[in-house]
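Asks: Structure below; questions to follow.
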Amino acid sequence: MTSTDATSPEAGSGEPARYPRPPVSLEEAEWVWRELSTEAMRTGAKPEAVRLAVITGLVRATGARYGDLLRVRVEDIDLGPARAKTSDGSVLVRHGKHRTPRRHLLPADLVVLLKHWMVVREELAAELEGSVPRALLLTVHHTHDNGTTVASGLPISRQGLVLSWRRFVHRTNARYGALRPPLPTRFEQIRRAWTET
């Protein structure tokens, strides 16, 4: 290792450090939320789009990281009365490595989206033997885990969330290539736009 490897770019050359990468603007993060929530509520929307919209909405409302979201169970969510079309709801998120519980209020548009996701997740887990997993976020198609095919409807892993976001980014960047700046492949840069404002 050379002496230049040991120092950070910020300390050595006056240039900004490479990590953490800067967040997108709040306007850009809100555009992502609108794009995903609109796509998720369209007739015939793919389950992956609905799940990604739920993830984005929960991050927007709670500031949760991927690990925090993976710990959210169905019973942690209160979507209000079943017959209500829209209402405020809440979610219990266990934040950080100490899993500090905190209840967050959810806006009405996210409550509607979560109600839609609950129907989709029941359909995803319909072919599983036994009861439906209690994790809020499930896999949306058959995946591979260490050479074994895993059925849809099982709790998703962190890597699954990362890959889902990157698929959305590549599709969106290809669609809007000349019209808007590309989205970052790291979701953390979107999350921090909401948490740092």
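Naming works like this for the structure tokens: A, B, ... for the chains as they're shown, residue 1 at the start of each chain, ligands 1 onward in shown order.
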Quick one: everything within 8 Å of segment 156-164 of chain A, counting only C-alpha atoms, minus sequence neighbours fewer than 2 positions away in the same chain. Send it as a PyMOL selection string.
Replies: chain A and resi 48+52+66-67+70+137-139+154+166-168+186-187
Asks: Save out the residues we just selected, all heavy atoms, as a short mmCIF file (atom, residue, chain, number, x, y, z; two decimals), in the first residue's frame.
Replies:
data_model
loop_
_atom_site.label_atom_id
_atom_site.label_comp_id
_atom_site.auth_asym_id
_atom_site.auth_seq_id
_atom_site.Cartn_x
_atom_site.Cartn_y
_atom_site.Cartn_z
N GLU A 48 -43.29 -6.58 -8.60
CA GLU A 48 -42.02 -5.95 -8.24
C GLU A 48 -42.16 -4.43 -8.18
O GLU A 48 -41.59 -3.78 -7.30
CB GLU A 48 -40.91 -6.33 -9.23
CG GLU A 48 -39.56 -5.76 -8.83
CD GLU A 48 -38.43 -6.22 -9.73
OE1 GLU A 48 -38.65 -6.45 -10.93
OE2 GLU A 48 -37.31 -6.32 -9.22
N LEU A 52 -41.50 -2.21 -4.82
CA LEU A 52 -40.52 -1.14 -4.82
C LEU A 52 -41.16 0.20 -4.45
O LEU A 52 -40.56 1.01 -3.75
CB LEU A 52 -39.84 -1.05 -6.20
CG LEU A 52 -38.56 -0.24 -6.27
CD1 LEU A 52 -37.54 -0.69 -5.23
CD2 LEU A 52 -37.96 -0.32 -7.66
N TYR A 66 -32.51 -0.32 4.43
CA TYR A 66 -32.93 -1.65 3.97
C TYR A 66 -33.06 -2.64 5.13
O TYR A 66 -34.04 -3.37 5.23
CB TYR A 66 -31.95 -2.21 2.94
CG TYR A 66 -32.16 -1.73 1.53
CD1 TYR A 66 -31.16 -1.90 0.59
CD2 TYR A 66 -33.34 -1.15 1.10
CE1 TYR A 66 -31.32 -1.49 -0.73
CE2 TYR A 66 -33.52 -0.73 -0.20
CZ TYR A 66 -32.50 -0.91 -1.12
OH TYR A 66 -32.68 -0.51 -2.41
N GLY A 67 -32.06 -2.69 5.99
CA GLY A 67 -32.09 -3.64 7.11
C GLY A 67 -33.29 -3.41 8.02
O GLY A 67 -33.90 -4.36 8.52
N LEU A 70 -36.40 -4.80 6.28
CA LEU A 70 -36.47 -6.27 6.26
C LEU A 70 -37.00 -6.82 7.58
O LEU A 70 -37.51 -7.94 7.61
CB LEU A 70 -35.08 -6.85 5.97
CG LEU A 70 -34.56 -6.61 4.56
CD1 LEU A 70 -33.12 -7.07 4.44
CD2 LEU A 70 -35.43 -7.30 3.53
N LEU A 137 -42.14 -7.64 3.33
CA LEU A 137 -41.58 -7.66 1.98
C LEU A 137 -41.23 -9.08 1.57
O LEU A 137 -40.44 -9.74 2.24
CB LEU A 137 -40.34 -6.76 1.93
CG LEU A 137 -40.58 -5.30 2.32
CD1 LEU A 137 -39.27 -4.55 2.37
CD2 LEU A 137 -41.56 -4.64 1.38
N LEU A 138 -41.82 -9.52 0.47
CA LEU A 138 -41.63 -10.89 -0.02
C LEU A 138 -41.02 -10.87 -1.41
O LEU A 138 -41.09 -9.87 -2.13
CB LEU A 138 -42.98 -11.61 -0.07
CG LEU A 138 -43.79 -11.68 1.22
CD1 LEU A 138 -45.10 -12.42 0.97
CD2 LEU A 138 -43.00 -12.34 2.33
N THR A 139 -40.45 -12.02 -1.80
CA THR A 139 -39.96 -12.16 -3.17
C THR A 139 -41.15 -12.18 -4.12
O THR A 139 -42.23 -12.67 -3.77
CB THR A 139 -39.14 -13.45 -3.35
OG1 THR A 139 -39.95 -14.56 -2.95
CG2 THR A 139 -37.87 -13.42 -2.53
N LEU A 154 -41.65 -15.74 -0.42
CA LEU A 154 -40.82 -15.90 0.78
C LEU A 154 -40.19 -14.55 1.15
O LEU A 154 -40.09 -13.66 0.30
CB LEU A 154 -39.72 -16.94 0.54
CG LEU A 154 -40.22 -18.36 0.30
CD1 LEU A 154 -39.06 -19.27 -0.08
CD2 LEU A 154 -40.94 -18.89 1.53
N ARG A 166 -31.85 -1.66 -8.63
CA ARG A 166 -30.99 -1.49 -9.81
C ARG A 166 -31.73 -1.78 -11.11
O ARG A 166 -31.50 -1.12 -12.11
CB ARG A 166 -29.74 -2.35 -9.68
CG ARG A 166 -28.80 -1.78 -8.65
CD ARG A 166 -27.49 -2.49 -8.60
NE ARG A 166 -26.65 -1.89 -7.56
CZ ARG A 166 -25.61 -2.45 -7.05
NH1 ARG A 166 -25.22 -3.64 -7.45
NH2 ARG A 166 -24.91 -1.84 -6.11
N ARG A 167 -32.62 -2.77 -11.10
CA ARG A 167 -33.42 -3.04 -12.30
C ARG A 167 -34.29 -1.84 -12.64
O ARG A 167 -34.38 -1.43 -13.80
CB ARG A 167 -34.29 -4.29 -12.11
CG ARG A 167 -33.56 -5.59 -12.32
CD ARG A 167 -34.51 -6.77 -12.37
NE ARG A 167 -35.17 -7.04 -11.11
CZ ARG A 167 -34.69 -7.84 -10.17
NH1 ARG A 167 -33.52 -8.44 -10.34
NH2 ARG A 167 -35.37 -8.04 -9.05
N PHE A 168 -34.90 -1.24 -11.63
CA PHE A 168 -35.72 -0.05 -11.86
C PHE A 168 -34.86 1.10 -12.40
O PHE A 168 -35.26 1.80 -13.34
CB PHE A 168 -36.41 0.38 -10.56
CG PHE A 168 -37.03 1.75 -10.63
CD1 PHE A 168 -38.20 1.95 -11.35
CD2 PHE A 168 -36.44 2.83 -10.00
CE1 PHE A 168 -38.77 3.22 -11.43
CE2 PHE A 168 -36.99 4.09 -10.09
CZ PHE A 168 -38.17 4.29 -10.80
N ARG A 186 -27.37 3.36 -6.21
CA ARG A 186 -27.44 3.13 -4.76
C ARG A 186 -28.67 3.84 -4.19
O ARG A 186 -28.78 5.06 -4.24
CB ARG A 186 -26.19 3.65 -4.06
CG ARG A 186 -24.95 2.86 -4.42
CD ARG A 186 -23.73 3.51 -3.81
NE ARG A 186 -22.55 2.81 -4.23
CZ ARG A 186 -21.89 1.95 -3.47
NH1 ARG A 186 -22.31 1.69 -2.26
NH2 ARG A 186 -20.82 1.34 -3.92
N PHE A 187 -29.57 3.06 -3.63
CA PHE A 187 -30.81 3.62 -3.08
C PHE A 187 -30.53 4.56 -1.91
O PHE A 187 -31.30 5.48 -1.64
CB PHE A 187 -31.75 2.50 -2.64
CG PHE A 187 -33.10 3.00 -2.23
CD1 PHE A 187 -34.03 3.39 -3.18
CD2 PHE A 187 -33.45 3.10 -0.90
CE1 PHE A 187 -35.27 3.87 -2.81
CE2 PHE A 187 -34.69 3.57 -0.51
CZ PHE A 187 -35.61 3.96 -1.47
#
Asks: I need the helix (DSSP H, G or I) residues of segment 3-173 of chain A per DSSP on the backbone, written as an MDAnalysis selection string.
Replies: chainID A and resid 3:6 9:13 26:40 47:62 66:70 74:76 108:124 158:173
Asks: Please list as a ChimeraX atom specification every residue within 12 Å of segment 117-123 of chain A, counting only C-alpha atoms and excluding residues in the same chain fewer than 5 positions away.
Replies: /A:37,40-41,44-55,57,73-75,77-79,82,110-112,128,131-141,152-156
Asks: Give me, please, the distance in Å between atom CA of Glu196 of chain A and atom CA of His170 of chain A, quoted to one decimal.
Replies: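 Taking atom CA of Glu196 of chain A as the start and atom CA of His170 of chain A as the end point, the length is 25.4 Å.
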Asks: Can you tell me, as a list in words, which residues in segment 8-181 of chain A count as strand (DSSP E) by DSSP?
Replies: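 Answer for segment 8-181 of chain A restricted to strand (DSSP E) is Ile77, Asp78, Gly89, Ser90, Val91, Leu92, Val93, Arg94, His95, Thr100, Pro101, Arg102, Arg103, His104, Leu105, Leu106, Thr143, His144, Asp145, Thr148, Thr149 and Val150 of chain A.
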Asks: One number please: atom CA of Ala151 of chain A to atom CA of Lys115 of chain A, in Å, one decimal.
Replies: 23.0 Å
Asks: Would you mind reading off the distance between atom CA of Thr197 of chain A and atom CA of Gly177 of chain A, one decimal, in Å?
Replies: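 It comes out at 27.3 Å.
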Asks: List as JSON, numbers by chain the protein and nucleic acid residues near Gly63 of chain A, meaning an atom at most 8 Å away when only C-alpha atoms are counted, but skip any in the same chain fewer than 6 places from it.
Replies: {"A": [191, 192, 194, 195]}
